[in-house]
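Here the structure is laid out as structure tokens; the discussion comes afterwards.
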Amino acid sequence: MKVKIEPRDECLGDAICADECPEVFVIDDEDGLAKVINENPDESLREAIQNAADECPAEIIIIEED
Ligand code: SF4
């Protein structure tokens with residue numbers, strides 16, 4: 001799977017995704033918005049990533065299948 005935040009400038013910076021799955025999402029210190037630190041995460045993280053996508057109020061977390 002491949003994970004993206006798009007469009008990133010619509011991120012609200014609430015860190016819901018980073019709380020759900022810190023292995024993949026972090027809040028960037030520079031601009032206060034979420035960024036993906038692992039674009040090709042292990043399958044074991046799928047549930048946490050899916051939860052982040054479901055809970056993202058901006059609905060900008062995209063999960064693509066390989
Ligand atoms: S959950 Fe969505 S809006 Fe919130 S920080 Fe993550 S990407 Fe941004």
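Residue names in the structure tokens use chain letters A, B, ... in the order shown, residue numbers from 1 in each chain, and ligand numbers from 1 in the order shown.
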Which residues in chain A does DSSP call alpha helix (DSSP H)? List them as a CSV table (one decimal) with all heavy atoms, in the first residue's frame.
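The result, written out as part_7.csv:
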chain,number,residue,atom,x,y,z
A,16,ILE,N,-4.6,14.1,14.7
A,16,ILE,CA,-5.4,12.9,14.9
A,16,ILE,C,-4.6,11.7,14.2
A,16,ILE,O,-4.5,10.6,14.8
A,16,ILE,CB,-6.8,13.0,14.3
A,16,ILE,CG1,-7.6,14.0,15.2
A,16,ILE,CG2,-7.5,11.7,14.2
A,16,ILE,CD1,-9.0,14.4,14.6
A,17,CYS,N,-4.1,11.9,13.0
A,17,CYS,CA,-3.4,10.9,12.3
A,17,CYS,C,-2.2,10.5,13.0
A,17,CYS,O,-1.8,9.3,13.1
A,17,CYS,CB,-3.1,11.3,10.9
A,17,CYS,SG,-2.2,12.9,10.8
A,18,ALA,N,-1.4,11.5,13.5
A,18,ALA,CA,-0.2,11.2,14.2
A,18,ALA,C,-0.4,10.4,15.5
A,18,ALA,O,0.4,9.6,15.9
A,18,ALA,CB,0.6,12.5,14.5
A,19,ASP,N,-1.6,10.7,16.2
A,19,ASP,CA,-1.9,9.9,17.4
A,19,ASP,C,-2.3,8.5,17.0
A,19,ASP,O,-2.0,7.5,17.7
A,19,ASP,CB,-3.1,10.5,18.1
A,19,ASP,CG,-2.7,11.8,18.8
A,19,ASP,OD1,-1.5,12.1,19.0
A,19,ASP,OD2,-3.6,12.6,19.1
A,20,GLU,N,-3.0,8.3,15.9
A,20,GLU,CA,-3.5,7.0,15.5
A,20,GLU,C,-2.3,6.1,15.0
A,20,GLU,O,-2.2,4.9,15.3
A,20,GLU,CB,-4.5,7.1,14.3
A,20,GLU,CG,-5.9,7.4,14.8
A,20,GLU,CD,-6.5,6.2,15.5
A,20,GLU,OE1,-6.1,5.1,15.4
A,20,GLU,OE2,-7.6,6.5,16.2
A,46,ARG,N,-1.9,-1.4,8.7
A,46,ARG,CA,-3.0,-1.0,7.9
A,46,ARG,C,-4.2,-0.5,8.7
A,46,ARG,O,-4.9,0.5,8.4
A,46,ARG,CB,-3.5,-2.2,7.0
A,46,ARG,CG,-4.7,-1.9,6.2
A,46,ARG,CD,-5.1,-3.0,5.3
A,46,ARG,NE,-4.2,-3.2,4.2
A,46,ARG,CZ,-4.2,-2.6,3.0
A,46,ARG,NH1,-5.2,-1.7,2.8
A,46,ARG,NH2,-3.4,-2.8,2.0
A,47,GLU,N,-4.5,-1.2,9.8
A,47,GLU,CA,-5.7,-0.9,10.6
A,47,GLU,C,-5.5,0.6,11.2
A,47,GLU,O,-6.4,1.4,11.2
A,47,GLU,CB,-5.9,-1.9,11.7
A,47,GLU,CG,-7.2,-1.6,12.5
A,47,GLU,CD,-7.5,-2.7,13.5
A,47,GLU,OE1,-6.9,-3.7,13.5
A,47,GLU,OE2,-8.5,-2.4,14.3
A,48,ALA,N,-4.3,0.8,11.7
A,48,ALA,CA,-4.1,2.2,12.3
A,48,ALA,C,-4.1,3.3,11.2
A,48,ALA,O,-4.7,4.3,11.5
A,48,ALA,CB,-2.7,2.2,13.0
A,49,ILE,N,-3.6,3.0,10.0
A,49,ILE,CA,-3.7,3.9,8.9
A,49,ILE,C,-5.1,4.2,8.5
A,49,ILE,O,-5.5,5.3,8.2
A,49,ILE,CB,-2.8,3.5,7.8
A,49,ILE,CG1,-1.3,3.4,8.2
A,49,ILE,CG2,-3.0,4.4,6.6
A,49,ILE,CD1,-0.4,2.6,7.2
A,50,GLN,N,-5.8,3.1,8.4
A,50,GLN,CA,-7.2,3.2,8.0
A,50,GLN,C,-8.0,4.0,9.0
A,50,GLN,O,-8.9,4.8,8.7
A,50,GLN,CB,-7.9,1.8,7.8
A,50,GLN,CG,-9.3,1.8,7.2
A,50,GLN,CD,-9.3,2.4,5.8
A,50,GLN,OE1,-8.6,1.9,4.9
A,50,GLN,NE2,-10.1,3.5,5.6
A,51,ASN,N,-7.8,3.8,10.3
A,51,ASN,CA,-8.4,4.6,11.3
A,51,ASN,C,-8.1,6.1,11.2
A,51,ASN,O,-9.0,6.9,11.3
A,51,ASN,CB,-8.0,4.1,12.7
A,51,ASN,CG,-8.6,2.8,13.1
A,51,ASN,OD1,-9.5,2.3,12.5
A,51,ASN,ND2,-8.0,2.1,14.1
A,52,ALA,N,-6.8,6.3,10.9
A,52,ALA,CA,-6.4,7.7,10.7
A,52,ALA,C,-7.2,8.3,9.5
A,52,ALA,O,-7.7,9.5,9.6
A,52,ALA,CB,-4.9,7.8,10.5
A,53,ALA,N,-7.2,7.6,8.4
A,53,ALA,CA,-8.0,8.1,7.2
A,53,ALA,C,-9.4,8.3,7.6
A,53,ALA,O,-10.0,9.3,7.2
A,53,ALA,CB,-7.8,7.1,6.1
A,54,ASP,N,-10.0,7.4,8.3
A,54,ASP,CA,-11.5,7.5,8.6
A,54,ASP,C,-11.7,8.7,9.5
A,54,ASP,O,-12.8,9.3,9.4
A,54,ASP,CB,-11.9,6.2,9.3
A,54,ASP,CG,-12.0,5.0,8.3
A,54,ASP,OD1,-11.9,5.3,7.1
A,54,ASP,OD2,-12.1,3.9,8.8
A,55,GLU,N,-10.8,9.0,10.4
A,55,GLU,CA,-11.0,10.0,11.4
A,55,GLU,C,-10.5,11.4,11.0
A,55,GLU,O,-10.8,12.4,11.7
A,55,GLU,CB,-10.3,9.6,12.7
A,55,GLU,CG,-11.0,8.4,13.4
A,55,GLU,CD,-10.2,7.9,14.6
A,55,GLU,OE1,-9.5,8.7,15.2
A,55,GLU,OE2,-10.4,6.7,14.9
Subject >> Near-ligand residues for ligand 1, threshold 6 Å, only C-alpha atoms and all ligand atoms, as a list in words >> reply: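 Sorted by chain and then by number, the residues are Cys11, Leu12, Gly13, Asp14, Ala15, Ile16, Cys17, Ala34, Cys56, Pro57, Ala58 and Ile61 of chain A.
Across the structure, atom CA of A:Gly32 and atom CA of A:Glu65 are spaced 27.9 Å apart.
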Using only C-alpha atoms, which residues sit within 8 Å of A:Lys35 once same-chain residues fewer than 2 positions away are excluded, as an mmCIF file with all heavy atoms, in the first residue's frame?
data_model
loop_
_atom_site.group_PDB
_atom_site.id
_atom_site.type_symbol
_atom_site.label_atom_id
_atom_site.label_comp_id
_atom_site.auth_asym_id
_atom_site.auth_seq_id
_atom_site.Cartn_x
_atom_site.Cartn_y
_atom_site.Cartn_z
ATOM 1 N N ILE A 5 -0.894 12.267 1.851
ATOM 2 C CA ILE A 5 -1.786 13.316 2.361
ATOM 3 C C ILE A 5 -1.920 14.329 1.234
ATOM 4 O O ILE A 5 -0.949 14.972 0.848
ATOM 5 C CB ILE A 5 -1.213 13.993 3.616
ATOM 6 C CG1 ILE A 5 -1.089 12.987 4.763
ATOM 7 C CG2 ILE A 5 -2.096 15.168 4.040
ATOM 8 C CD1 ILE A 5 -0.421 13.546 6.005
ATOM 9 N N ARG A 8 -2.189 18.565 0.881
ATOM 10 C CA ARG A 8 -1.653 18.745 2.225
ATOM 11 C C ARG A 8 -2.034 20.101 2.823
ATOM 12 O O ARG A 8 -2.143 20.227 4.047
ATOM 13 C CB ARG A 8 -0.130 18.580 2.157
ATOM 14 C CG ARG A 8 0.527 18.562 3.511
ATOM 15 C CD ARG A 8 1.969 18.130 3.414
ATOM 16 N NE ARG A 8 2.604 18.247 4.708
ATOM 17 C CZ ARG A 8 3.255 19.340 5.086
ATOM 18 N NH1 ARG A 8 3.382 20.369 4.289
ATOM 19 N NH2 ARG A 8 3.797 19.373 6.303
ATOM 20 N N PHE A 25 2.579 8.971 10.295
ATOM 21 C CA PHE A 25 2.212 10.397 10.257
ATOM 22 C C PHE A 25 2.874 11.153 11.398
ATOM 23 O O PHE A 25 2.842 10.698 12.551
ATOM 24 C CB PHE A 25 0.687 10.560 10.394
ATOM 25 C CG PHE A 25 -0.115 9.780 9.391
ATOM 26 C CD1 PHE A 25 -0.764 8.604 9.752
ATOM 27 C CD2 PHE A 25 -0.227 10.218 8.077
ATOM 28 C CE1 PHE A 25 -1.508 7.871 8.842
ATOM 29 C CE2 PHE A 25 -0.978 9.502 7.152
ATOM 30 C CZ PHE A 25 -1.613 8.318 7.534
ATOM 31 N N VAL A 26 3.445 12.308 11.075
ATOM 32 C CA VAL A 26 3.952 13.216 12.110
ATOM 33 C C VAL A 26 3.520 14.636 11.745
ATOM 34 O O VAL A 26 3.254 14.943 10.579
ATOM 35 C CB VAL A 26 5.495 13.173 12.258
ATOM 36 C CG1 VAL A 26 5.980 11.792 12.658
ATOM 37 C CG2 VAL A 26 6.171 13.655 11.005
ATOM 38 N N ILE A 27 3.472 15.492 12.765
ATOM 39 C CA ILE A 27 3.234 16.913 12.520
ATOM 40 C C ILE A 27 4.593 17.575 12.284
ATOM 41 O O ILE A 27 5.501 17.456 13.103
ATOM 42 C CB ILE A 27 2.511 17.575 13.717
ATOM 43 C CG1 ILE A 27 1.126 16.943 13.936
ATOM 44 C CG2 ILE A 27 2.392 19.074 13.493
ATOM 45 C CD1 ILE A 27 0.137 17.146 12.802
ATOM 46 N N ASP A 28 4.696 18.254 11.152
ATOM 47 C CA ASP A 28 5.934 18.930 10.780
ATOM 48 C C ASP A 28 6.124 20.165 11.663
ATOM 49 O O ASP A 28 5.237 21.008 11.746
ATOM 50 C CB ASP A 28 5.836 19.339 9.306
ATOM 51 C CG ASP A 28 7.159 19.806 8.749
ATOM 52 O OD1 ASP A 28 7.933 20.449 9.489
ATOM 53 O OD2 ASP A 28 7.421 19.528 7.568
ATOM 54 N N LEU A 33 1.683 21.186 9.923
ATOM 55 C CA LEU A 33 0.788 20.289 9.190
ATOM 56 C C LEU A 33 1.336 18.867 9.215
ATOM 57 O O LEU A 33 2.545 18.648 9.371
ATOM 58 C CB LEU A 33 0.651 20.754 7.737
ATOM 59 C CG LEU A 33 0.206 22.201 7.525
ATOM 60 C CD1 LEU A 33 0.103 22.497 6.032
ATOM 61 C CD2 LEU A 33 -1.108 22.490 8.224
ATOM 62 N N ILE A 37 5.831 10.079 6.848
ATOM 63 C CA ILE A 37 7.255 9.764 6.982
ATOM 64 C C ILE A 37 7.581 8.361 6.464
ATOM 65 O O ILE A 37 8.748 7.994 6.393
ATOM 66 C CB ILE A 37 7.742 9.916 8.444
ATOM 67 C CG1 ILE A 37 6.890 9.095 9.416
ATOM 68 C CG2 ILE A 37 7.746 11.393 8.840
ATOM 69 C CD1 ILE A 37 7.481 9.018 10.824
#
Original post:
Quick one: residues within 9 Å of A:Asn40, only C-alpha atoms counted, chain neighbours fewer than 6 positions away excluded, as a ChimeraX atom specification?
Top reply: /A:1-3,24
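Residue-level DSSP output for chain A, from the backbone, shows strand (DSSP E or B) at A:Lys2, A:Val3, A:Lys4, A:Ile5, A:Phe25, A:Val26, A:Ile27, A:Ala34, A:Lys35, A:Val36, A:Ile61, A:Ile62, A:Ile63, A:Glu64.
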Please save C-alpha atoms of the selected residues as a compact mmCIF listing (two decimals), in the first residue's frame.
# COMPACT_ATOMS: atom_id res chain seq x y z
CA LYS A 2 1.02 3.60 -0.52
CA VAL A 3 -0.03 6.45 1.78
CA LYS A 4 -0.37 10.12 0.87
CA ILE A 5 -1.79 13.32 2.36
CA PHE A 25 2.21 10.40 10.26
CA VAL A 26 3.95 13.22 12.11
CA ILE A 27 3.23 16.91 12.52
CA ALA A 34 0.86 16.52 9.03
CA LYS A 35 3.33 14.75 6.75
CA VAL A 36 3.91 11.13 5.79
CA ILE A 61 -5.41 10.79 3.82
CA ILE A 62 -5.23 8.60 0.74
CA ILE A 63 -4.44 4.89 0.77
CA GLU A 64 -3.50 3.42 -2.60
Subject >> d(atom CA of A:Glu10, atom CA of A:Glu59) in Å >> reply: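 According to the coordinates, atom CA of A:Glu10 and atom CA of A:Glu59 are separated by 9.0 Å.
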